[in-house]
>>> print(open('input36.pdb').read())   # PDB, C-alpha atoms
ATOM      1  CA  MET A 245     138.881  53.100  84.001
ATOM      2  CA  ALA A 246     135.278  53.181  82.780
ATOM      3  CA  PHE A 247     133.507  50.527  80.732
ATOM      4  CA  SER A 248     134.359  52.334  77.504
ATOM      5  CA  ASP A 249     138.076  52.391  78.313
ATOM      6  CA  ASN A 250     138.045  48.749  79.419
ATOM      7  CA  LEU A 251     136.313  47.649  76.231
ATOM      8  CA  GLN A 252     138.813  49.516  74.038
ATOM      9  CA  PHE A 253     141.709  47.970  75.969
ATOM     10  CA  LEU A 254     140.325  44.419  75.724
ATOM     11  CA  ARG A 255     139.516  44.712  72.032
ATOM     12  CA  ALA A 256     142.936  46.152  71.221
ATOM     13  CA  ARG A 257     144.651  43.509  73.339
ATOM     14  CA  GLN A 258     142.974  40.804  71.263
ATOM     15  CA  GLY A 259     143.924  42.586  68.051
ATOM     16  CA  GLN A 260     140.281  42.959  67.010
ATOM     17  CA  THR A 261     138.721  45.756  65.026
ATOM     18  CA  GLN A 262     135.375  47.277  65.936
ATOM     19  CA  GLU A 263     133.859  45.437  62.964
ATOM     20  CA  GLN A 264     135.178  42.078  64.177
ATOM     21  CA  LEU A 265     133.881  42.618  67.710
ATOM     22  CA  ALA A 266     130.520  43.751  66.336
ATOM     23  CA  GLU A 267     130.282  40.572  64.268
ATOM     24  CA  ILE A 268     131.043  38.373  67.281
ATOM     25  CA  LEU A 269     128.431  40.154  69.418
ATOM     26  CA  GLU A 270     125.972  40.320  66.515
ATOM     27  CA  VAL A 271     125.579  44.092  66.692
ATOM     28  CA  SER A 272     126.480  46.957  64.370
ATOM     29  CA  ARG A 273     129.907  48.564  64.240
ATOM     30  CA  GLN A 274     128.273  51.858  65.184
ATOM     31  CA  SER A 275     127.062  50.285  68.433
ATOM     32  CA  VAL A 276     130.594  49.255  69.389
ATOM     33  CA  SER A 277     131.824  52.736  68.492
ATOM     34  CA  LYS A 278     129.211  54.328  70.763
ATOM     35  CA  TRP A 279     130.126  52.013  73.647
ATOM     36  CA  GLU A 280     133.797  52.896  73.337
ATOM     37  CA  SER A 281     133.047  56.603  73.217
ATOM     38  CA  ALA A 282     130.776  56.281  76.297
ATOM     39  CA  ALA A 283     127.807  57.533  74.233
ATOM     40  CA  SER A 284     125.758  54.460  75.203
ATOM     41  CA  TYR A 285     125.949  51.120  76.986
ATOM     42  CA  PRO A 286     125.114  47.638  75.707
ATOM     43  CA  GLU A 287     122.299  45.567  77.161
ATOM     44  CA  MET A 288     123.032  43.324  80.133
ATOM     45  CA  ASP A 289     123.093  40.082  78.159
ATOM     46  CA  THR A 290     125.611  41.652  75.752
ATOM     47  CA  ILE A 291     127.756  42.815  78.674
ATOM     48  CA  LEU A 292     127.771  39.251  80.018
ATOM     49  CA  ARG A 293     128.816  37.975  76.602
ATOM     50  CA  ILE A 294     131.695  40.452  76.646
ATOM     51  CA  CYS A 295     132.718  39.110  80.073
ATOM     52  CA  ASP A 296     132.744  35.563  78.709
ATOM     53  CA  LEU A 297     134.530  36.600  75.521
ATOM     54  CA  TYR A 298     137.419  38.318  77.295
ATOM     55  CA  ARG A 299     137.412  36.254  80.503
ATOM     56  CA  VAL A 300     136.848  39.225  82.795
ATOM     57  CA  ASP A 301     134.441  39.583  85.709
ATOM     58  CA  LEU A 302     131.502  41.974  85.526
ATOM     59  CA  ASP A 303     132.602  44.272  88.354
ATOM     60  CA  THR A 304     136.065  44.807  86.851
ATOM     61  CA  LEU A 305     134.631  45.415  83.382
ATOM     62  CA  MET A 306     132.081  48.001  84.527
ATOM     63  CA  ARG A 307     133.808  49.764  87.424
ATOM     64  CA  GLY A 308     137.393  48.613  87.693
ATOM     65  CA  SER A 309     140.522  48.677  85.588
ATOM     66  CA  VAL A 310     141.012  45.640  83.382
ATOM     67  CA  GLU A 311     144.559  46.727  82.563
ATOM     68  CA  ASP A 312     145.506  46.857  86.253
ATOM     69  CA  SER A 313     143.821  43.525  86.961
ATOM     70  CA  LEU A 314     146.042  41.856  84.379
ATOM     71  CA  VAL A 315     149.192  42.794  86.248
ATOM     72  CA  GLU A 316     147.839  42.692  89.823
ATOM     73  CA  ASP A 317     146.603  39.655  91.687
ATOM     74  CA  THR A 318     143.726  41.458  93.389
ATOM     75  CA  ALA A 319     142.089  38.209  94.520
ATOM     76  CA  GLN A 320     145.346  36.922  96.103
ATOM     77  CA  TYR A 321     144.977  33.861  93.867
ATOM     78  CA  ASP A 322     148.688  33.044  93.721
ATOM     79  CA  LYS A 323     149.088  33.088  97.509
ATOM     80  CA  PHE A 324     145.954  30.998  98.027
ATOM     81  CA  MET A 325     146.855  28.349  95.435
ATOM     82  CA  SER A 326     150.447  28.045  96.664
ATOM     83  CA  SER A 327     149.163  27.431 100.191
ATOM     84  CA  PHE A 328     146.552  24.984  98.855
ATOM     85  CA  ALA A 329     149.241  23.053  96.964
ATOM     86  CA  ARG A 330     151.430  22.746 100.065
ATOM     87  CA  ARG A 331     148.574  21.552 102.277
ATOM     88  CA  ILE A 332     147.347  18.921  99.817
ATOM     89  CA  ALA A 333     150.840  17.698  98.900
ATOM     90  CA  PHE A 334     152.076  17.324 102.473
ATOM     91  CA  SER A 335     148.812  15.700 103.568
ATOM     92  CA  VAL A 336     148.995  13.059 100.837
ATOM     93  CA  GLY A 337     152.662  12.486 101.543
ATOM     94  CA  GLY A 338     151.910  12.462 105.266
ATOM     95  CA  ILE A 339     149.570   9.490 104.926
ATOM     96  CA  ILE A 340     152.295   7.464 103.187
ATOM     97  CA  ALA A 341     154.850   8.608 105.759
ATOM     98  CA  GLY A 342     152.428   7.534 108.494
ATOM     99  CA  VAL A 343     152.400   4.002 107.100
ATOM    100  CA  ALA A 344     156.215   4.084 107.040
ATOM    101  CA  LEU A 345     156.308   5.229 110.662
ATOM    102  CA  CYS A 346     154.051   2.357 111.660
ATOM    103  CA  GLY A 347     156.515  -0.036 110.053
ATOM    104  CA  LEU A 348     159.278   1.328 112.265
ATOM    105  CA  LEU A 349     157.082   1.038 115.346
ATOM    106  CA  ASP A 350     156.252  -2.559 114.409
ATOM    107  CA  ALA A 351     159.966  -3.354 114.056
ATOM    108  CA  LYS A 352     160.484  -1.977 117.575
ATOM    109  CA  GLY A 353     157.878  -4.385 118.920
ATOM    110  CA  ILE A 354     155.257  -1.738 119.761
ATOM    111  CA  SER A 355     151.744  -3.020 120.413
ATOM    112  CA  GLU A 356     149.575  -3.421 117.281
ATOM    113  CA  TYR A 357     146.775  -1.465 118.962
ATOM    114  CA  LEU A 358     149.092   1.471 119.588
ATOM    115  CA  ILE A 359     150.433   1.297 116.016
ATOM    116  CA  PHE A 360     146.912   1.282 114.605
ATOM    117  CA  ALA A 361     145.984   4.221 116.837
ATOM    118  CA  VAL A 362     149.007   6.224 115.608
ATOM    119  CA  LEU A 363     148.174   5.459 111.974
ATOM    120  CA  LEU A 364     144.523   6.371 112.485
ATOM    121  CA  LEU A 365     145.508   9.669 114.102
ATOM    122  CA  ILE A 366     147.896  10.588 111.257
ATOM    123  CA  VAL A 367     145.340   9.668 108.593
ATOM    124  CA  ALA A 368     142.605  11.589 110.425
ATOM    125  CA  VAL A 369     144.706  14.773 110.601
ATOM    126  CA  CYS A 370     145.722  14.515 106.937
ATOM    127  CA  VAL A 371     142.175  13.811 105.757
ATOM    128  CA  VAL A 372     140.806  16.754 107.764
ATOM    129  CA  VAL A 373     143.413  19.043 106.173
ATOM    130  CA  ILE A 374     142.577  17.725 102.680
ATOM    131  CA  VAL A 375     138.812  18.100 103.132
ATOM    132  CA  ALA A 376     139.123  21.575 104.683
ATOM    133  CA  SER A 377     141.500  22.690 101.924
ATOM    134  CA  CYS A 378     139.169  21.434  99.188
ATOM    135  CA  LEU A 379     136.211  23.241 100.769
ATOM    136  CA  GLN A 380     138.260  26.450 100.974
ATOM    137  CA  ASN A 381     139.234  26.014  97.331
ATOM    138  CA  ASP A 382     135.570  25.582  96.387
ATOM    139  CA  ASN A 383     134.638  28.737  98.319
ATOM    140  CA  PHE A 384     137.436  30.686  96.629
ATOM    141  CA  ARG A 385     136.231  29.595  93.201
ATOM    142  CA  LYS A 386     132.670  30.648  94.017
ATOM    143  CA  ALA A 387     133.882  34.047  95.234
ATOM    144  CA  HIS A 388     136.131  34.496  92.173
ATOM    145  CA  PRO A 389     134.552  32.597  89.246
ATOM    146  CA  VAL A 390     136.606  34.484  86.660
ATOM    147  CA  LEU A 391     140.191  35.735  86.866
ATOM    148  CA  ALA A 392     142.303  37.744  84.468
ATOM    149  CA  ASP A 393     145.631  36.124  83.570
ATOM    150  CA  PHE A 394     148.062  38.323  85.524
ATOM    151  CA  TYR A 395     151.045  35.973  85.181
ATOM    152  CA  THR A 396     153.792  37.138  82.873
ATOM    153  CA  GLU A 397     155.366  34.783  80.368
ATOM    154  CA  GLU A 398     158.618  35.057  82.342
ATOM    155  CA  GLN A 399     156.887  33.806  85.513
ATOM    156  CA  LYS A 400     155.357  30.872  83.635
ATOM    157  CA  GLN A 401     158.663  29.960  82.037
ATOM    158  CA  THR A 402     160.462  30.125  85.400
ATOM    159  CA  PHE A 403     157.994  27.664  86.889
ATOM    160  CA  ARG A 404     158.230  25.324  83.899
ATOM    161  CA  GLN A 405     161.929  24.985  84.642
ATOM    162  CA  LYS A 406     161.170  24.218  88.296
ATOM    163  CA  PHE A 407     158.442  21.759  87.275
ATOM    164  CA  VAL A 408     160.989  19.694  85.320
ATOM    165  CA  TRP A 409     163.143  19.350  88.426
ATOM    166  CA  PHE A 410     160.181  18.480  90.677
ATOM    167  CA  ILE A 411     159.123  15.620  88.395
ATOM    168  CA  SER A 412     162.585  14.373  87.447
ATOM    169  CA  GLY A 413     163.695  14.665  91.077
ATOM    170  CA  GLY A 414     160.709  12.611  92.250
ATOM    171  CA  VAL A 415     161.319   9.927  89.617
ATOM    172  CA  GLY A 416     165.022   9.880  90.481
ATOM    173  CA  ALA A 417     164.207   9.522  94.182
ATOM    174  CA  ILE A 418     161.995   6.491  93.513
ATOM    175  CA  LEU A 419     164.659   4.827  91.327
ATOM    176  CA  PHE A 420     167.281   5.540  93.995
ATOM    177  CA  ASP A 421     164.842   4.110  96.531
ATOM    178  CA  VAL A 422     164.527   0.810  94.626
ATOM    179  CA  ALA A 423     168.301   0.552  94.277
ATOM    180  CA  LEU A 424     168.717   1.262  97.985
ATOM    181  CA  LEU A 425     166.182  -1.437  98.812
ATOM    182  CA  LEU A 426     168.073  -4.000  96.714
ATOM    183  CA  LEU A 427     171.378  -3.038  98.325
ATOM    184  CA  PHE A 428     169.796  -3.283 101.770
ATOM    185  CA  PHE A 429     168.661  -6.861 101.224
ATOM    186  CA  ALA A 430     172.008  -7.749  99.680
ATOM    187  CA  LYS A 431     173.542  -6.774 103.023
ATOM    188  CA  PHE A 432     170.837  -7.912 105.476
ATOM    189  CA  PRO A 433     168.650 -11.043 105.515
ATOM    190  CA  GLU A 434     164.996 -10.809 104.367
ATOM    191  CA  GLU A 435     163.541 -11.311 107.818
ATOM    192  CA  GLU A 436     162.184  -9.213 110.664
ATOM    193  CA  PRO A 437     163.012  -6.640 111.860
ATOM    194  CA  PHE A 438     165.099  -5.890 108.735
ATOM    195  CA  GLU A 439     162.123  -6.159 106.371
ATOM    196  CA  SER A 440     160.168  -3.588 108.405
ATOM    197  CA  TYR A 441     163.132  -1.221 108.491
ATOM    198  CA  ALA A 442     163.688  -1.549 104.745
ATOM    199  CA  MET A 443     160.033  -1.004 103.830
ATOM    200  CA  SER A 444     159.781   1.962 106.178
ATOM    201  CA  ILE A 445     162.781   3.672 104.592
ATOM    202  CA  PHE A 446     161.364   2.842 101.162
ATOM    203  CA  LEU A 447     157.982   4.373 102.006
ATOM    204  CA  PHE A 448     159.520   7.507 103.554
ATOM    205  CA  ILE A 449     161.340   8.219 100.277
ATOM    206  CA  VAL A 450     158.192   7.420  98.263
ATOM    207  CA  ALA A 451     156.271   9.850 100.491
ATOM    208  CA  GLY A 452     158.750  12.596  99.611
ATOM    209  CA  ALA A 453     158.497  11.814  95.884
ATOM    210  CA  VAL A 454     154.687  11.748  95.940
ATOM    211  CA  THR A 455     154.660  15.059  97.834
ATOM    212  CA  ALA A 456     156.819  16.579  95.087
ATOM    213  CA  PHE A 457     154.550  15.170  92.346
ATOM    214  CA  VAL A 458     151.328  16.457  93.917
ATOM    215  CA  TYR A 459     152.771  19.875  94.716
ATOM    216  CA  ALA A 460     154.211  20.304  91.225
ATOM    217  CA  GLY A 461     150.953  19.192  89.598
ATOM    218  CA  ILE A 462     148.806  21.663  91.522
ATOM    219  CA  GLN A 463     151.323  24.448  90.972
ATOM    220  CA  GLU A 464     151.354  23.725  87.242
ATOM    221  CA  ASP A 465     147.552  24.025  87.146
ATOM    222  CA  LYS A 466     147.819  27.311  89.054
ATOM    223  CA  TYR A 467     149.353  29.031  86.050
ATOM    224  CA  LYS A 468     146.557  27.868  83.724
ATOM    225  CA  ILE A 469     144.141  30.710  84.372
ATOM    226  CA  TRP A 470     142.221  29.798  81.207
ATOM    227  CA  LYS A 471     141.536  26.372  82.684
ATOM    228  CA  TYR A 472     140.466  27.898  86.008
ATOM    229  CA  ASN A 473     137.955  30.131  84.204
ATOM    230  CA  ARG A 474     136.737  27.287  82.013
ATOM    231  CA  ASP A 475     136.163  24.923  84.929
ATOM    232  CA  ASN A 476     134.326  27.594  86.921
ATOM    233  CA  ASN A 477     131.948  28.365  84.063
ATOM    234  CA  PRO A 478     130.976  24.964  82.615
ATOM    235  CA  THR A 479     128.350  24.499  79.951
ATOM    236  CA  PRO A 480     125.200  22.434  80.752
ATOM    237  CA  GLU A 481     126.675  19.508  78.818
ATOM    238  CA  VAL A 482     129.894  19.633  80.829
ATOM    239  CA  LYS A 483     127.941  19.813  84.096
ATOM    240  CA  LYS A 484     125.995  16.710  83.081
ATOM    241  CA  ARG A 485     129.156  14.819  82.181
ATOM    242  CA  LYS A 486     130.866  15.782  85.459
ATOM    243  CA  GLY A 487     127.782  14.678  87.394
ATOM    244  CA  LEU A 488     127.979  11.297  85.664
ATOM    245  CA  ILE A 489     131.664  10.961  86.559
ATOM    246  CA  ASN A 490     130.949  11.743  90.221
ATOM    247  CA  THR A 491     128.070   9.267  90.306
ATOM    248  CA  VAL A 492     130.066   6.424  88.741
ATOM    249  CA  CYS A 493     133.148   7.042  90.921
ATOM    250  CA  GLY A 494     130.986   7.311  94.041
ATOM    251  CA  ALA A 495     129.332   3.993  93.237
ATOM    252  CA  LEU A 496     132.723   2.362  92.554
ATOM    253  CA  MET A 497     134.244   3.510  95.848
ATOM    254  CA  THR A 498     131.124   2.424  97.742
ATOM    255  CA  LEU A 499     131.453  -1.067  96.232
ATOM    256  CA  VAL A 500     135.183  -1.108  97.015
ATOM    257  CA  THR A 501     134.545  -0.161 100.648
ATOM    258  CA  ALA A 502     131.843  -2.841 100.938
ATOM    259  CA  LEU A 503     134.269  -5.396  99.452
ATOM    260  CA  TYR A 504     136.994  -4.404 101.923
ATOM    261  CA  VAL A 505     134.646  -4.690 104.885
ATOM    262  CA  GLY A 506     133.352  -8.031 103.582
ATOM    263  CA  LEU A 507     136.866  -9.449 103.202
ATOM    264  CA  GLY A 508     137.766  -8.140 106.644
ATOM    265  CA  LEU A 509     134.750  -9.643 108.397
ATOM    266  CA  ALA A 510     134.644 -12.917 106.484
ATOM    267  CA  LEU A 511     138.342 -13.705 106.069
ATOM    268  CA  ASP A 512     140.012 -11.383 108.590
ATOM    269  CA  LEU A 513     141.935  -9.609 105.820
ATOM    270  CA  TRP A 514     141.855  -6.154 107.391
ATOM    271  CA  ARG A 515     145.614  -5.703 107.070
ATOM    272  CA  THR A 516     146.105  -7.173 103.583
ATOM    273  CA  ALA A 517     142.958  -6.227 101.638
ATOM    274  CA  TRP A 518     143.940  -2.569 101.375
ATOM    275  CA  TRP A 519     144.792  -3.192  97.710
ATOM    276  CA  VAL A 520     141.074  -3.001  96.801
ATOM    277  CA  PHE A 521     141.215   0.772  97.378
ATOM    278  CA  ALA A 522     144.143   1.062  94.962
ATOM    279  CA  VAL A 523     142.114  -0.842  92.364
ATOM    280  CA  GLY A 524     139.137   1.444  93.030
ATOM    281  CA  GLY A 525     141.318   4.502  92.551
ATOM    282  CA  ILE A 526     142.654   3.167  89.241
ATOM    283  CA  LEU A 527     139.112   2.418  88.017
ATOM    284  CA  CYS A 528     138.004   5.945  88.948
ATOM    285  CA  SER A 529     140.951   7.346  86.985
ATOM    286  CA  VAL A 530     139.890   5.285  83.960
ATOM    287  CA  VAL A 531     136.316   6.571  84.291
ATOM    288  CA  TYR A 532     137.545  10.170  84.455
ATOM    289  CA  ILE A 533     139.773   9.732  81.393
ATOM    290  CA  VAL A 534     137.004   8.100  79.339
ATOM    291  CA  LEU A 535     134.255  10.545  80.344
ATOM    292  CA  ASP A 536     136.391  13.703  80.658
ATOM    293  CA  PRO A 537     134.358  16.445  78.916
ATOM    294  CA  TYR A 538     137.537  18.352  78.078
ATOM    295  CA  ARG A 539     139.522  15.379  76.815
ATOM    296  CA  ASN A 540     139.780  16.623  73.217
ATOM    297  CA  GLU A 541     140.522  20.209  74.300
ATOM    298  CA  ASP A 542     143.272  19.315  76.748
TER     299      ASP A 542
END
>>> encode(input="input36.pdb", output="structure tokens")
Amino acid sequence: MAFSDNLQFLRARQGQTQEQLAEILEVSRQSVSKWESAASYPEMDTILRICDLYRVDLDTLMRGSVEDSLVEDTAQYDKFMSSFARRIAFSVGGIIAGVALCGLLDAKGISEYLIFAVLLLIVAVCVVVIVASCLQNDNFRKAHPVLADFYTEEQKQTFRQKFVWFISGGVGAILFDVALLLLFFAKFPEEEPFESYAMSIFLFIVAGAVTAFVYAGIQEDKYKIWKYNRDNNPTPEVKKRKGLINTVCGALMTLVTALYVGLGLALDLWRTAWWVFAVGGILCSVVYIVLDPYRNED
């Protein structure tokens, strides 16, 4: 399809008349008519406005087929995001499962140095996977800043049904986990090695629930192509607000790390002061919610 055909398709798809499109682009109706009949082409800045208006990339608008792009995932976005969701979800869950595994090793009387080494290795692998996956995601977004929404309503509805089960299943697993923990201590005394066994089982189930939550959340975002396009093309004001969020959260986590190291060196609380990172994470979430540039939109 040529530009003229693509423009006619996009305008008709939005239910717009030539007069309405002309008003939006601040041109005459005759200009739009000439573009659609291939008698002339708009200026580059107008073409870019058309790209923004219809959420289509320049190459597809000028040389490709917009209609085909709406039903074909030419960028392999679905495959990439599904893989990204699995890697992030299992890495986050893997860190929690690593802590659970260390509890089992401790109950077996394994050396603390060996336990710490195992935990460090698991965390290192998971963090590397998370960082690498995020960098790949950033590269993908730079290579494909705008995508056409190729998902059908049936596909979106099918996932919504799955999403309900992911979330409800995770919540159910955690509630079952708490009940199991109470039953365990009703049967066994609250002393070692039973406490370590109980907490390890508890954390393994939590790891599975968290994995389900993270995976479902990323998959849900995958179907929001409008959000993907919006986030990849932020306004100057949004960029400024996001920069502020990153600065504040970076400063908070730096202070939290310094506090953890200080407590560890001064009071030897290396094993128990981990809670400061949870507090830091909660504070960062509060900062994001308060300063979120899309809070009213979402």
>>> closest_residue(input="input36.pdb", among="A:Arg293, A:Lys400, A:Arg331, A:Lys486", to="Tyr459 in chain A", atoms="all atoms listed in the file")
A:Arg331
>>> resolve_selection(input="input36.pdb", expression="the PyMOL selection byres ((chain A and resi 437) around 12)", output="MDAnalysis selection string")
chainID A and resid 347:353 432:436 438:444
>>> write_last_selection(input="input36.pdb", atoms="C-alpha atoms", output="mmCIF file, in the frame of the given file")
data_model
loop_
_atom_site.group_PDB
_atom_site.id
_atom_site.type_symbol
_atom_site.label_atom_id
_atom_site.label_comp_id
_atom_site.auth_asym_id
_atom_site.auth_seq_id
_atom_site.Cartn_x
_atom_site.Cartn_y
_atom_site.Cartn_z
ATOM 1 C CA GLY A 347 156.515 -0.036 110.053
ATOM 2 C CA LEU A 348 159.278 1.328 112.265
ATOM 3 C CA LEU A 349 157.082 1.038 115.346
ATOM 4 C CA ASP A 350 156.252 -2.559 114.409
ATOM 5 C CA ALA A 351 159.966 -3.354 114.056
ATOM 6 C CA LYS A 352 160.484 -1.977 117.575
ATOM 7 C CA GLY A 353 157.878 -4.385 118.920
ATOM 8 C CA PHE A 432 170.837 -7.912 105.476
ATOM 9 C CA PRO A 433 168.650 -11.043 105.515
ATOM 10 C CA GLU A 434 164.996 -10.809 104.367
ATOM 11 C CA GLU A 435 163.541 -11.311 107.818
ATOM 12 C CA GLU A 436 162.184 -9.213 110.664
ATOM 13 C CA PHE A 438 165.099 -5.890 108.735
ATOM 14 C CA GLU A 439 162.123 -6.159 106.371
ATOM 15 C CA SER A 440 160.168 -3.588 108.405
ATOM 16 C CA TYR A 441 163.132 -1.221 108.491
ATOM 17 C CA ALA A 442 163.688 -1.549 104.745
ATOM 18 C CA MET A 443 160.033 -1.004 103.830
ATOM 19 C CA SER A 444 159.781 1.962 106.178
#
>>> atom_distance(input="input36.pdb", atom1="CA of Val310 in chain A", atom2="CA of Asn250 in chain A")
5.8 Å
>>> atom_distance(input="input36.pdb", atom1="CA of Asn477 in chain A", atom2="CA of Asp296 in chain A")
9.0 Å
>>> axis_aligned_box(input="input36.pdb", around="range 360-372 of chain A", padding_each_side="3 Å", output="AutoDock Vina command-line options")
--center_x 144.9 --center_y 9.0 --center_z 111.3 --size_x 14.2 --size_y 21.5 --size_z 17.1
>>> resolve_selection(input="input36.pdb", expression="the PyMOL selection byres ((chain A and resi 469-475) around 7)", output="list in words")
Pro389, Val390, Leu391, Asp393, Lys466, Tyr467, Lys468, Asn476, Asn477 and Pro478 of chain A
>>> residues_around(input="input36.pdb", residues="Val530 in chain A", least_positions_apart="5", cutoff="12 Å", atoms="all atoms listed in the file", output="PyMOL selection string")
chain A and resi 489+492-493+496+523-525+535-536
>>> resolve_selection(input="input36.pdb", expression="the PyMOL selection byres ((chain A and resi 301) around 10)", output="ChimeraX atom specification")
/A:292,294-296,298-300,302-306,308,310,388-392
>>> atom_distance(input="input36.pdb", atom1="CA of Cys528 in chain A", atom2="CA of Ala495 in chain A")
9.9 Å
>>> residues_around(input="input36.pdb", residues="Gln380 in chain A", least_positions_apart="3", cutoff="12 Å", atoms="only C-alpha atoms", output="list in words")
Phe324, Met325, Ser327, Phe328, Arg331, Ile332, Val373, Ile374, Val375, Ala376, Ser377, Asn383, Phe384, Arg385, Lys386 and Ala387 of chain A
>>> residues_near_point(input="input36.pdb", point="(132.6, 47.4, 67.8)", cutoff="9 Å", atoms="all atoms listed in the file", output="list of chain:residue names")
A:Arg255, A:Gln260, A:Thr261, A:Gln262, A:Glu263, A:Gln264, A:Leu265, A:Ala266, A:Glu267, A:Leu269, A:Val271, A:Ser272, A:Arg273, A:Gln274, A:Ser275, A:Val276, A:Ser277, A:Lys278, A:Trp279, A:Glu280
>>> write_last_selection(input="input36.pdb", atoms="C-alpha atoms", output="tab-separated table (two decimals), in the frame of the given file")
chain	number	residue	atom	x	y	z
A	255	ARG	CA	139.52	44.71	72.03
A	260	GLN	CA	140.28	42.96	67.01
A	261	THR	CA	138.72	45.76	65.03
A	262	GLN	CA	135.38	47.28	65.94
A	263	GLU	CA	133.86	45.44	62.96
A	264	GLN	CA	135.18	42.08	64.18
A	265	LEU	CA	133.88	42.62	67.71
A	266	ALA	CA	130.52	43.75	66.34
A	267	GLU	CA	130.28	40.57	64.27
A	269	LEU	CA	128.43	40.15	69.42
A	271	VAL	CA	125.58	44.09	66.69
A	272	SER	CA	126.48	46.96	64.37
A	273	ARG	CA	129.91	48.56	64.24
A	274	GLN	CA	128.27	51.86	65.18
A	275	SER	CA	127.06	50.28	68.43
A	276	VAL	CA	130.59	49.26	69.39
A	277	SER	CA	131.82	52.74	68.49
A	278	LYS	CA	129.21	54.33	70.76
A	279	TRP	CA	130.13	52.01	73.65
A	280	GLU	CA	133.80	52.90	73.34
>>> closest_residue(input="input36.pdb", among="A:Ala451, A:Ala430, A:Ala456, A:Met288", to="Gly414 in chain A", atoms="only C-alpha atoms")
A:Ala456
>>> closest_residue(input="input36.pdb", among="A:Leu499, A:Val408, A:Ala333, A:Ile340", to="Leu527 in chain A", atoms="only C-alpha atoms")
A:Leu499
